[in-house]
$ cat structure_20.tsv   # TSV, C-alpha atoms
chain	number	residue	atom	x	y	z
A	71	LEU	CA	-9.27	14.56	8.33
A	72	PRO	CA	-5.88	13.98	9.93
A	73	PRO	CA	-3.31	16.65	9.02
A	74	ASP	CA	-1.30	16.04	5.88
A	75	ALA	CA	2.15	14.78	6.93
A	76	SER	CA	3.92	16.78	4.21
A	77	SER	CA	2.18	19.95	5.33
A	78	ALA	CA	3.12	19.31	8.96
A	79	LEU	CA	6.78	18.79	8.01
A	80	SER	CA	6.69	21.94	5.90
A	81	SER	CA	5.60	23.91	8.97
A	82	ILE	CA	8.54	22.47	10.91
A	83	ALA	CA	10.91	23.38	8.07
A	84	ALA	CA	9.55	26.92	7.83
A	85	GLN	CA	10.30	27.53	11.51
A	86	ALA	CA	13.93	26.45	11.18
A	87	ALA	CA	16.85	28.61	10.04
A	88	PRO	CA	16.97	28.92	6.21
A	89	THR	CA	20.28	27.09	5.78
A	90	SER	CA	19.96	24.65	8.68
A	91	LEU	CA	20.11	20.89	8.33
A	92	ARG	CA	16.78	20.65	10.17
A	93	ARG	CA	15.07	22.75	7.50
A	94	ARG	CA	16.54	20.79	4.60
A	95	THR	CA	15.80	17.41	6.16
A	96	ALA	CA	12.19	18.32	6.96
A	97	THR	CA	11.66	19.83	3.51
A	98	TYR	CA	12.96	16.88	1.51
A	99	LEU	CA	11.23	14.39	3.79
A	100	ALA	CA	8.00	16.31	3.19
A	101	LEU	CA	8.45	15.80	-0.57
A	102	THR	CA	8.31	12.02	-0.05
A	103	LYS	CA	4.83	12.11	1.58
A	104	PRO	CA	6.23	10.01	4.45
A	105	ARG	CA	2.90	8.69	5.74
A	106	LEU	CA	1.95	7.35	2.32
A	107	ALA	CA	5.49	6.07	1.72
A	108	PHE	CA	5.43	4.21	5.04
A	109	LEU	CA	2.13	2.55	4.11
A	110	VAL	CA	3.59	1.42	0.77
A	111	VAL	CA	6.67	-0.04	2.48
A	112	LEU	CA	4.45	-1.76	5.05
A	113	THR	CA	2.38	-3.52	2.39
A	114	THR	CA	5.54	-4.51	0.51
A	115	THR	CA	7.21	-6.05	3.55
A	116	ALA	CA	4.00	-7.79	4.65
A	117	SER	CA	3.76	-9.49	1.27
A	118	TYR	CA	7.45	-10.44	1.46
A	119	SER	CA	6.92	-12.10	4.83
A	120	LEU	CA	3.82	-13.96	3.65
A	121	TYR	CA	5.57	-15.76	0.80
A	122	PRO	CA	5.40	-19.53	1.44
A	123	VAL	CA	9.09	-20.34	1.50
A	124	PRO	CA	10.01	-23.82	0.21
A	125	SER	CA	11.56	-26.19	2.72
A	126	LEU	CA	14.99	-25.89	1.13
A	127	LEU	CA	15.11	-22.27	2.29
A	128	SER	CA	13.56	-22.75	5.73
A	129	THR	CA	15.63	-22.19	8.82
A	130	ALA	CA	16.92	-25.61	9.80
A	131	ALA	CA	17.00	-24.95	13.52
A	132	THR	CA	13.39	-23.96	14.01
A	133	HIS	CA	11.67	-25.05	10.78
A	134	THR	CA	10.09	-21.59	10.72
A	135	PRO	CA	9.90	-20.06	7.21
A	136	SER	CA	12.31	-17.17	6.87
A	137	LEU	CA	13.99	-15.11	4.18
A	138	SER	CA	17.07	-12.92	3.86
A	139	SER	CA	17.09	-9.90	6.15
A	140	LEU	CA	19.57	-8.24	3.78
A	141	THR	CA	17.16	-8.63	0.88
A	142	LEU	CA	14.43	-7.17	3.08
A	143	LEU	CA	16.65	-4.15	3.77
A	144	PHE	CA	17.24	-3.62	0.05
A	145	LEU	CA	13.52	-4.08	-0.61
A	146	THR	CA	12.39	-1.51	1.94
A	147	THR	CA	14.99	1.14	1.06
A	148	GLY	CA	14.52	0.65	-2.67
A	149	THR	CA	10.73	0.78	-2.40
A	150	PHE	CA	10.86	3.92	-0.25
A	151	SER	CA	13.17	5.61	-2.74
A	152	THR	CA	10.98	4.85	-5.76
A	153	ILE	CA	7.83	6.03	-3.99
A	154	ALA	CA	9.70	9.16	-2.88
A	155	CYS	CA	10.43	9.84	-6.55
A	156	ALA	CA	6.78	9.36	-7.51
A	157	ASN	CA	5.44	11.53	-4.67
A	158	THR	CA	7.88	14.34	-5.38
A	159	LEU	CA	6.93	14.40	-9.06
A	160	ASN	CA	3.27	14.36	-8.05
A	161	MET	CA	3.81	17.50	-5.96
A	162	LEU	CA	5.72	19.15	-8.81
A	163	PHE	CA	2.89	18.54	-11.27
A	164	GLU	CA	0.17	19.63	-8.83
A	165	THR	CA	1.72	22.63	-7.09
A	166	ASN	CA	-0.86	25.11	-8.40
A	167	HIS	CA	-3.74	22.78	-7.56
A	168	ASP	CA	-2.37	21.93	-4.10
A	169	ALA	CA	-2.43	25.65	-3.33
A	170	LYS	CA	-6.22	25.65	-3.73
A	171	MET	CA	-6.93	22.98	-1.10
A	172	THR	CA	-6.72	23.45	2.67
A	173	ARG	CA	-5.20	20.00	3.22
A	174	THR	CA	-2.33	20.48	0.76
A	175	ARG	CA	-1.69	24.22	0.53
A	176	ASN	CA	1.14	24.01	3.08
A	177	ARG	CA	3.22	21.50	1.13
A	178	PRO	CA	6.87	22.48	0.53
A	179	LEU	CA	6.63	23.44	-3.15
A	180	VAL	CA	3.52	25.54	-2.52
A	181	ARG	CA	5.31	27.38	0.31
A	182	LYS	CA	8.45	27.70	-1.85
A	183	LEU	CA	10.62	25.95	0.75
A	184	VAL	CA	12.40	24.22	-2.12
A	185	SER	CA	12.81	25.19	-5.76
A	186	PRO	CA	11.22	23.15	-8.56
A	187	ARG	CA	14.70	22.45	-9.96
A	188	ALA	CA	15.91	21.03	-6.64
A	189	ALA	CA	12.74	18.94	-6.36
A	190	VAL	CA	13.26	17.52	-9.87
A	191	LEU	CA	16.85	16.59	-9.07
A	192	PHE	CA	15.75	14.99	-5.80
A	193	ALA	CA	13.03	12.98	-7.59
A	194	LEU	CA	15.39	11.75	-10.31
A	195	ALA	CA	18.07	10.83	-7.77
A	196	ALA	CA	15.56	8.97	-5.58
A	197	GLY	CA	14.09	7.12	-8.55
A	198	ALA	CA	17.45	6.09	-9.97
A	199	THR	CA	18.80	5.07	-6.56
A	200	GLY	CA	15.69	3.11	-5.64
A	201	THR	CA	15.59	1.25	-8.94
A	202	ALA	CA	19.30	0.40	-8.70
A	203	ILE	CA	18.91	-0.87	-5.12
A	204	LEU	CA	16.00	-3.08	-6.14
A	205	TRP	CA	17.78	-4.32	-9.28
A	206	TYR	CA	21.05	-5.31	-7.65
A	207	GLY	CA	19.87	-6.00	-4.11
A	208	VAL	CA	16.60	-7.82	-4.86
A	209	ASN	CA	15.96	-8.78	-8.50
A	210	PRO	CA	15.28	-7.05	-11.84
A	211	THR	CA	11.57	-7.92	-11.87
A	212	THR	CA	10.99	-6.15	-8.56
A	213	ALA	CA	13.03	-3.18	-9.79
A	214	MET	CA	10.99	-2.90	-13.00
A	215	LEU	CA	7.74	-3.05	-11.02
A	216	GLY	CA	8.99	-0.26	-8.73
A	217	ALA	CA	10.07	1.96	-11.60
A	218	ALA	CA	6.88	1.30	-13.57
A	219	ASN	CA	4.77	2.14	-10.53
A	220	ALA	CA	6.53	5.48	-10.10
A	221	VAL	CA	5.83	6.33	-13.75
A	222	LEU	CA	2.21	5.16	-13.45
A	223	TYR	CA	1.61	7.32	-10.38
A	224	ALA	CA	3.39	10.47	-11.51
A	225	CYS	CA	2.76	10.47	-15.26
A	226	ILE	CA	-0.61	8.76	-15.69
A	227	TYR	CA	-2.59	8.89	-12.44
A	228	THR	CA	-1.62	12.48	-11.60
A	229	PRO	CA	-2.75	14.14	-14.88
A	230	LEU	CA	-5.85	11.90	-15.06
A	231	LYS	CA	-7.11	13.46	-11.83
A	232	ARG	CA	-8.01	16.55	-13.86
A	233	ILE	CA	-9.49	14.60	-16.77
A	234	HIS	CA	-11.71	11.70	-15.64
A	235	PRO	CA	-12.85	9.92	-12.44
A	236	ILE	CA	-11.22	6.72	-13.70
A	237	ASN	CA	-8.08	8.16	-12.09
A	238	THR	CA	-9.12	6.50	-8.81
A	239	TRP	CA	-8.98	3.06	-10.44
A	240	ILE	CA	-5.52	3.84	-11.83
A	241	GLY	CA	-4.46	5.00	-8.38
A	242	ALA	CA	-5.75	1.73	-6.95
A	243	ILE	CA	-3.50	-0.18	-9.37
A	244	VAL	CA	-0.60	1.90	-8.06
A	245	GLY	CA	-1.53	0.78	-4.55
A	246	GLY	CA	-1.72	-2.86	-5.61
A	247	ILE	CA	1.74	-3.11	-7.16
A	248	PRO	CA	3.87	-2.83	-3.95
A	249	PRO	CA	2.54	-6.14	-2.50
A	250	LEU	CA	3.40	-7.74	-5.82
A	251	MET	CA	6.90	-6.33	-5.47
A	252	GLY	CA	7.27	-7.91	-2.04
A	253	TRP	CA	6.04	-11.25	-3.38
A	254	CYS	CA	8.49	-11.15	-6.29
A	255	ALA	CA	11.32	-10.22	-3.93
A	256	ALA	CA	10.62	-13.30	-1.82
A	257	GLY	CA	10.01	-15.52	-4.84
A	258	GLY	CA	13.37	-14.51	-6.24
A	259	HIS	CA	15.03	-16.58	-3.51
A	260	TYR	CA	13.28	-19.69	-4.74
A	261	ILE	CA	13.99	-19.37	-8.45
A	262	THR	CA	17.61	-18.43	-7.69
A	263	SER	CA	18.06	-21.52	-5.55
A	264	ALA	CA	16.16	-23.85	-7.87
A	265	SER	CA	17.84	-22.75	-11.11
A	266	SER	CA	21.35	-23.92	-11.97
A	267	SER	CA	21.96	-21.02	-14.35
A	268	PRO	CA	20.92	-17.33	-14.33
A	269	LEU	CA	17.49	-16.65	-15.83
A	270	SER	CA	16.85	-14.07	-18.53
A	271	LEU	CA	14.75	-11.06	-17.55
A	272	THR	CA	11.75	-12.46	-19.43
A	273	ASP	CA	12.04	-15.89	-17.83
A	274	GLU	CA	12.49	-14.39	-14.39
A	275	ALA	CA	9.44	-12.13	-14.75
A	276	SER	CA	7.38	-15.03	-16.09
A	277	ALA	CA	8.39	-17.27	-13.18
A	278	LEU	CA	7.69	-14.61	-10.57
A	279	LEU	CA	4.50	-13.09	-11.98
A	280	PHE	CA	2.75	-15.74	-14.04
A	281	SER	CA	3.48	-19.10	-12.45
A	282	SER	CA	1.16	-20.98	-10.12
A	283	ALA	CA	3.29	-19.74	-7.20
A	284	SER	CA	2.34	-16.13	-7.99
A	285	ALA	CA	-1.35	-16.54	-7.03
A	286	GLY	CA	-0.77	-15.29	-3.49
A	287	GLY	CA	0.99	-12.16	-4.75
A	288	TRP	CA	-1.87	-11.29	-7.08
A	289	LEU	CA	-4.40	-11.82	-4.28
A	290	LEU	CA	-2.46	-9.47	-2.00
A	291	ALA	CA	-2.33	-6.96	-4.85
A	292	ALA	CA	-6.11	-7.35	-5.23
A	293	LEU	CA	-6.53	-6.75	-1.50
A	294	LEU	CA	-4.69	-3.43	-1.72
A	295	PHE	CA	-6.47	-2.51	-4.96
A	296	ALA	CA	-9.91	-3.05	-3.40
A	297	TRP	CA	-9.00	-1.35	-0.12
A	298	GLN	CA	-8.23	1.94	-1.89
A	299	PHE	CA	-11.91	2.57	-2.65
A	300	PRO	CA	-13.54	2.53	0.78
A	301	HIS	CA	-10.52	4.38	2.13
A	302	PHE	CA	-10.22	7.12	-0.48
A	303	ASN	CA	-13.94	7.48	-1.23
A	304	ALA	CA	-14.57	8.13	2.46
A	305	LEU	CA	-11.51	10.36	2.88
A	306	SER	CA	-12.45	12.54	-0.10
A	307	HIS	CA	-16.09	13.10	0.91
A	308	PRO	CA	-15.53	15.95	3.40
A	309	ILE	CA	-13.36	17.84	0.89
A	310	ARG	CA	-15.32	17.02	-2.28
A	311	HIS	CA	-16.08	20.69	-2.98
A	312	GLU	CA	-12.42	21.58	-2.67
A	313	TYR	CA	-11.52	18.88	-5.18
A	314	PHE	CA	-14.03	20.36	-7.61
A	315	ALA	CA	-12.85	23.94	-7.05
A	316	ALA	CA	-9.24	22.88	-7.58
A	317	GLY	CA	-10.10	21.38	-10.98
A	318	TYR	CA	-10.02	17.69	-10.07
A	319	ARG	CA	-12.49	15.32	-11.74
A	320	MET	CA	-13.18	13.06	-8.79
A	321	LEU	CA	-16.12	10.70	-8.46
A	322	VAL	CA	-17.02	12.11	-5.04
A	323	SER	CA	-17.59	15.53	-6.61
A	324	LEU	CA	-19.29	14.45	-9.82
A	325	ASN	CA	-21.47	11.61	-8.53
A	326	PRO	CA	-21.57	11.33	-4.71
A	327	ALA	CA	-24.12	8.49	-4.74
A	328	MET	CA	-21.97	6.36	-7.04
A	329	ASN	CA	-19.00	7.18	-4.82
A	330	THR	CA	-20.75	5.46	-1.91
A	331	ARG	CA	-21.76	2.45	-4.06
A	332	VAL	CA	-18.18	1.93	-5.21
A	333	ALA	CA	-16.94	2.08	-1.62
A	334	LEU	CA	-19.47	-0.58	-0.57
A	335	ARG	CA	-18.79	-2.79	-3.58
A	336	TYR	CA	-15.07	-3.01	-2.96
A	337	SER	CA	-15.54	-3.41	0.79
A	338	LEU	CA	-17.53	-6.57	0.08
A	339	LEU	CA	-14.80	-7.78	-2.27
A	340	MET	CA	-12.50	-8.14	0.74
A	341	PHE	CA	-14.29	-11.34	1.78
A	342	PRO	CA	-13.53	-13.48	-1.32
A	343	ILE	CA	-9.98	-12.10	-1.51
A	344	CYS	CA	-9.21	-13.21	2.04
A	345	ILE	CA	-10.85	-16.57	1.40
A	346	GLY	CA	-8.64	-16.86	-1.68
A	347	LEU	CA	-5.49	-16.36	0.39
A	348	SER	CA	-6.49	-19.35	2.48
A	349	TYR	CA	-7.47	-21.37	-0.60
A	350	VAL	CA	-4.03	-20.97	-2.22
A	351	ASN	CA	-2.33	-21.87	1.08
A	352	VAL	CA	-0.82	-18.49	1.87
A	353	THR	CA	-2.73	-18.48	5.17
A	354	ASP	CA	-4.37	-21.20	7.22
A	355	LYS	CA	-8.12	-21.84	7.25
A	356	TYR	CA	-8.67	-19.87	10.46
A	357	PHE	CA	-7.70	-16.66	8.67
A	358	VAL	CA	-11.06	-16.81	6.91
A	359	ILE	CA	-12.77	-16.44	10.29
A	360	THR	CA	-10.58	-13.74	11.82
A	361	SER	CA	-10.34	-11.65	8.65
A	362	SER	CA	-14.10	-11.85	8.17
A	363	ALA	CA	-14.58	-10.09	11.50
A	364	ILE	CA	-12.43	-7.14	10.36
A	365	ASN	CA	-13.94	-7.17	6.87
A	366	SER	CA	-17.44	-7.14	8.36
A	367	TRP	CA	-16.63	-4.01	10.33
A	368	MET	CA	-15.51	-2.10	7.25
A	369	ALA	CA	-18.37	-3.49	5.15
A	370	TYR	CA	-20.86	-2.36	7.80
A	371	GLU	CA	-19.45	1.17	7.79
A	372	ALA	CA	-19.47	1.16	3.98
A	373	PHE	CA	-23.11	0.05	4.03
A	374	ARG	CA	-23.98	2.96	6.33
A	375	PHE	CA	-22.10	5.35	4.03
A	376	TRP	CA	-24.04	3.98	1.05
A	377	ARG	CA	-27.35	4.34	2.87
A	378	SER	CA	-26.55	8.01	3.53
A	379	GLY	CA	-26.48	8.70	-0.22
A	380	GLY	CA	-23.21	10.62	0.06
A	381	GLY	CA	-24.85	14.03	-0.14
A	382	GLU	CA	-24.74	17.09	2.07
A	383	SER	CA	-26.48	15.56	5.08
A	384	LYS	CA	-24.87	15.30	8.49
A	385	THR	CA	-25.39	11.53	8.30
A	386	ALA	CA	-23.28	11.33	5.14
A	387	ILE	CA	-20.46	13.26	6.80
A	388	LEU	CA	-20.54	11.12	9.95
A	389	THR	CA	-20.69	7.82	8.06
A	390	ALA	CA	-17.87	8.91	5.76
A	391	ARG	CA	-15.73	9.66	8.81
A	392	ALA	CA	-16.61	6.30	10.37
A	393	LEU	CA	-15.72	4.44	7.16
A	394	PHE	CA	-12.46	6.34	6.83
A	395	TRP	CA	-11.29	5.34	10.29
A	396	ALA	CA	-12.50	1.78	9.80
A	397	SER	CA	-10.37	1.59	6.64
A	398	VAL	CA	-7.36	3.07	8.45
A	399	TRP	CA	-7.48	0.25	11.01
A	400	HIS	CA	-8.65	-2.42	8.58
A	401	LEU	CA	-5.53	-2.73	6.43
A	402	PRO	CA	-2.88	-3.18	9.16
A	403	LEU	CA	-5.18	-5.52	11.10
A	404	VAL	CA	-5.82	-7.77	8.10
A	405	LEU	CA	-2.12	-7.85	7.18
A	406	VAL	CA	-1.09	-8.65	10.75
A	407	LEU	CA	-3.74	-11.39	10.92
A	408	ALA	CA	-2.49	-12.82	7.62
A	409	MET	CA	1.05	-12.97	8.98
A	410	ALA	CA	-0.19	-14.54	12.22
A	411	HIS	CA	-2.12	-17.13	10.20
A	412	LYS	CA	0.65	-17.79	7.67
A	413	LYS	CA	0.39	-21.37	6.47
A	414	GLY	CA	2.75	-23.60	8.43
A	415	LEU	CA	3.85	-20.91	10.88
A	416	TRP	CA	2.27	-22.51	13.93
A	417	ASP	CA	3.44	-25.96	12.85
A	418	GLY	CA	6.98	-24.63	13.10
A	419	VAL	CA	6.29	-23.13	16.53
A	420	VAL	CA	4.84	-26.43	17.77
A	421	ARG	CA	7.87	-28.33	16.46
A	422	SER	CA	10.18	-25.86	18.18
A	423	VAL	CA	8.34	-26.20	21.50
A	424	LYS	CA	8.41	-29.98	21.23
A	425	GLY	CA	12.12	-29.86	20.53
A	426	VAL	CA	12.75	-27.71	23.61
A	427	LEU	CA	10.65	-30.05	25.76
A	428	GLY	CA	12.25	-33.13	24.29
A	429	LEU	CA	9.00	-34.41	22.85
A	430	ALA	CA	10.17	-34.73	19.27
A	431	GLU	CA	12.18	-37.87	19.92
A	432	GLU	CA	9.30	-39.48	21.80
A	433	ASP	CA	6.99	-38.85	18.84
A	434	ASP	CA	9.53	-40.43	16.50
A	435	GLU	CA	9.85	-43.52	18.69
A	436	GLU	CA	6.10	-43.98	18.71
$ encode --input "structure_20.tsv" --output "structure tokens"
Amino acid sequence: LPPDASSALSSIAAQAAPTSLRRRTATYLALTKPRLAFLVVLTTTASYSLYPVPSLLSTAATHTPSLSSLTLLFLTTGTFSTIACANTLNMLFETNHDAKMTRTRNRPLVRKLVSPRAAVLFALAAGATGTAILWYGVNPTTAMLGAANAVLYACIYTPLKRIHPINTWIGAIVGGIPPLMGWCAAGGHYITSASSSPLSLTDEASALLFSSASAGGWLLAALLFAWQFPHFNALSHPIRHEYFAAGYRMLVSLNPAMNTRVALRYSLLMFPICIGLSYVNVTDKYFVITSSAINSWMAYEAFRFWRSGGGESKTAILTARALFWASVWHLPLVLVLAMAHKKGLWDGVVRSVKGVLGLAEEDDEE
């Protein structure tokens, strides 16, 4: 497995002078789980960029769909802050258990680089700041989703890890909410422009989450939800005994064969989800073809993992590693492809090229 980013930052902090800015910066950044936080921000911004902007908000000069860069700044900083809150609380609640696992035993709270009190204050400050940024800089619905996701991760998913394997499904919901936040952030532009008077919180949430225009956001959330299983089920396989020894009730430890079946099942679910994005006009029809190539790669590795049975064999270890790396590449590739195949994007490019070449007027005359 790749080294845990928080553990790596903790090592950097431990080598610095006790009162230095370098030590404090590395320590508090380690509390945020920066690699995971970056992934969350990436999925949020990808969803924001994929929102099919109505023509009244399109850039007049190029006819290319675009949204507010300032809103995007508020969205990314607010999302990072709320996930920093959730990750810090997660480390606080799991300090004793993190100490029992090789991948997490070097995290800052385990190594006592920061006190629990300071970590609590940091988490509360990050959560409050992130929610406020999302509320005032984006919209209340996005802010409520961000705050609810932090609570879901820290207060429900985290304790469930020591109670029942269903924790992985709760964790997958946590992973699916950020794309929904990005979709709501983009959709807020439309309802703000279309409405003559401010909407109530209930009306805003209903318009952003439960209207026909929200289908794309839910599909992107489903994509992230499904992706969690091949990724995490493969990642957890090499350290399944450590999970068990640390007191975690994970599927990979309790039922390795079912762990492989779940990974395969959700890998296959990627196909209809990507087809759905094209069906609801978030992407063009060619996305079905290009995404299927990437989905087939991950599904193939998931099939090999399933065939291995997920036990102690060398084949199981090798196929788990192959599926893990396939999942690592799969998500950014599919999101980049979706953005490249965004519905209407290439129409805008063609119109821009025609305008530069002076072909637009000729077409109109014909």
$ closest_residue --input "structure_20.tsv" --among "A:Tyr349, A:Phe144, A:Phe299, A:Tyr356" --to "Val111 in chain A" --atoms "all atoms listed in the file"
A:Phe144
$ residues_near_point --input "structure_20.tsv" --point "(4.1, 22.1, 0.0)" --cutoff "8 Å" --atoms "all atoms listed in the file" --output "short mmCIF file (atom, residue, chain, number, x, y, z; two decimals) with C-alpha atoms, in the frame of the given file"
data_model
loop_
_atom_site.label_atom_id
_atom_site.label_comp_id
_atom_site.auth_asym_id
_atom_site.auth_seq_id
_atom_site.Cartn_x
_atom_site.Cartn_y
_atom_site.Cartn_z
CA SER A 76 3.92 16.78 4.21
CA SER A 77 2.18 19.95 5.33
CA SER A 80 6.69 21.94 5.90
CA ALA A 100 8.00 16.31 3.19
CA LEU A 101 8.45 15.80 -0.57
CA MET A 161 3.81 17.50 -5.96
CA THR A 165 1.72 22.63 -7.09
CA ASP A 168 -2.37 21.93 -4.10
CA THR A 174 -2.33 20.48 0.76
CA ARG A 175 -1.69 24.22 0.53
CA ASN A 176 1.14 24.01 3.08
CA ARG A 177 3.22 21.50 1.13
CA PRO A 178 6.87 22.48 0.53
CA LEU A 179 6.63 23.44 -3.15
CA VAL A 180 3.52 25.54 -2.52
CA ARG A 181 5.31 27.38 0.31
CA LYS A 182 8.45 27.70 -1.85
CA LEU A 183 10.62 25.95 0.75
#
$ residues_around --input "structure_20.tsv" --residues "range 405-410 of chain A" --least-positions-apart "5" --cutoff "8 Å" --atoms "all atoms listed in the file" --output "mmCIF file with C-alpha atoms, in the frame of the given file"
data_model
loop_
_atom_site.group_PDB
_atom_site.id
_atom_site.type_symbol
_atom_site.label_atom_id
_atom_site.label_comp_id
_atom_site.auth_asym_id
_atom_site.auth_seq_id
_atom_site.Cartn_x
_atom_site.Cartn_y
_atom_site.Cartn_z
ATOM 1 C CA THR A 113 2.380 -3.520 2.390
ATOM 2 C CA ALA A 116 4.000 -7.790 4.650
ATOM 3 C CA SER A 119 6.920 -12.100 4.830
ATOM 4 C CA LEU A 120 3.820 -13.960 3.650
ATOM 5 C CA THR A 353 -2.730 -18.480 5.170
ATOM 6 C CA PHE A 357 -7.700 -16.660 8.670
ATOM 7 C CA THR A 360 -10.580 -13.740 11.820
ATOM 8 C CA SER A 361 -10.340 -11.650 8.650
ATOM 9 C CA LEU A 415 3.850 -20.910 10.880
#
$ residues_around --input "structure_20.tsv" --residues "range 342-344 of chain A" --least-positions-apart "6" --cutoff "7 Å" --atoms "all atoms listed in the file" --output "PyMOL selection string"
chain A and resi 289+293+358+361
$ residues_around --input "structure_20.tsv" --residues "Leu79 in chain A" --least-positions-apart "5" --cutoff "8 Å" --atoms "all atoms listed in the file" --output "list in words"
Ala96, Thr97, Leu99 and Ala100 of chain A
$ write_last_selection --input "structure_20.tsv" --atoms "C-alpha atoms" --output "mmCIF file, keeping the file's coordinate frame"
data_model
loop_
_atom_site.group_PDB
_atom_site.id
_atom_site.type_symbol
_atom_site.label_atom_id
_atom_site.label_comp_id
_atom_site.auth_asym_id
_atom_site.auth_seq_id
_atom_site.Cartn_x
_atom_site.Cartn_y
_atom_site.Cartn_z
ATOM 1 C CA ALA A 96 12.190 18.320 6.960
ATOM 2 C CA THR A 97 11.660 19.830 3.510
ATOM 3 C CA LEU A 99 11.230 14.390 3.790
ATOM 4 C CA ALA A 100 8.000 16.310 3.190
#
$ atom_distance --input "structure_20.tsv" --atom1 "CA of Asn157 in chain A" --atom2 "CA of Thr102 in chain A"
5.5 Å
$ residues_near_point --input "structure_20.tsv" --point "(-8.3, 1.9, 0.8)" --cutoff "12 Å" --atoms "all atoms listed in the file" --output "number ranges by chain"
A: 106, 109-110, 238-239, 241-246, 292-306, 332-334, 336-337, 340, 368, 372, 393-402
$ residues_around --input "structure_20.tsv" --residues "Leu215 in chain A" --least-positions-apart "2" --cutoff "12 Å" --atoms "only C-alpha atoms" --output "ChimeraX atom specification"
/A:114,145,148-149,152-153,200-201,204-205,208-213,217-222,243-255,275,278-279
$ residues_around --input "structure_20.tsv" --residues "Ile387 in chain A" --least-positions-apart "6" --cutoff "12 Å" --atoms "only C-alpha atoms" --output "list of chain:residue names"
A:Leu71, A:Asn303, A:Ala304, A:Leu305, A:Ser306, A:His307, A:Pro308, A:Ile309, A:Arg310, A:Pro326, A:Thr330, A:Arg374, A:Phe375, A:Trp376, A:Arg377, A:Ser378, A:Gly379, A:Gly380, A:Gly381, A:Leu393, A:Phe394
$ write_last_selection --input "structure_20.tsv" --atoms "C-alpha atoms" --output "PDB file, keeping the file's coordinate frame"
ATOM      1  CA  LEU A  71      -9.270  14.560   8.330  1.00  0.00           C
ATOM      2  CA  ASN A 303     -13.940   7.480  -1.230  1.00  0.00           C
ATOM      3  CA  ALA A 304     -14.570   8.130   2.460  1.00  0.00           C
ATOM      4  CA  LEU A 305     -11.510  10.360   2.880  1.00  0.00           C
ATOM      5  CA  SER A 306     -12.450  12.540  -0.100  1.00  0.00           C
ATOM      6  CA  HIS A 307     -16.090  13.100   0.910  1.00  0.00           C
ATOM      7  CA  PRO A 308     -15.530  15.950   3.400  1.00  0.00           C
ATOM      8  CA  ILE A 309     -13.360  17.840   0.890  1.00  0.00           C
ATOM      9  CA  ARG A 310     -15.320  17.020  -2.280  1.00  0.00           C
ATOM     10  CA  PRO A 326     -21.570  11.330  -4.710  1.00  0.00           C
ATOM     11  CA  THR A 330     -20.750   5.460  -1.910  1.00  0.00           C
ATOM     12  CA  ARG A 374     -23.980   2.960   6.330  1.00  0.00           C
ATOM     13  CA  PHE A 375     -22.100   5.350   4.030  1.00  0.00           C
ATOM     14  CA  TRP A 376     -24.040   3.980   1.050  1.00  0.00           C
ATOM     15  CA  ARG A 377     -27.350   4.340   2.870  1.00  0.00           C
ATOM     16  CA  SER A 378     -26.550   8.010   3.530  1.00  0.00           C
ATOM     17  CA  GLY A 379     -26.480   8.700  -0.220  1.00  0.00           C
ATOM     18  CA  GLY A 380     -23.210  10.620   0.060  1.00  0.00           C
ATOM     19  CA  GLY A 381     -24.850  14.030  -0.140  1.00  0.00           C
ATOM     20  CA  LEU A 393     -15.720   4.440   7.160  1.00  0.00           C
ATOM     21  CA  PHE A 394     -12.460   6.340   6.830  1.00  0.00           C
TER      22      PHE A 394
END
$ atom_distance --input "structure_20.tsv" --atom1 "CA of Leu347 in chain A" --atom2 "CA of Ala291 in chain A"
11.2 Å
$ atom_distance --input "structure_20.tsv" --atom1 "CA of Arg187 in chain A" --atom2 "CA of Arg105 in chain A"
24.0 Å
$ closest_residue --input "structure_20.tsv" --among "A:Ala193, A:Ile233, A:Val404, A:Ala283" --to "Tyr98 in chain A" --atoms "all atoms listed in the file"
A:Ala193
$ closest_residue --input "structure_20.tsv" --among "A:Leu194, A:Leu112, A:Tyr223, A:Ala107" --to "Asn160 in chain A" --atoms "all atoms listed in the file"
A:Tyr223
$ closest_residue --input "structure_20.tsv" --among "A:Asn237, A:Asn351, A:Thr89, A:Thr199" --to "Ser151 in chain A" --atoms "only C-alpha atoms"
A:Thr199
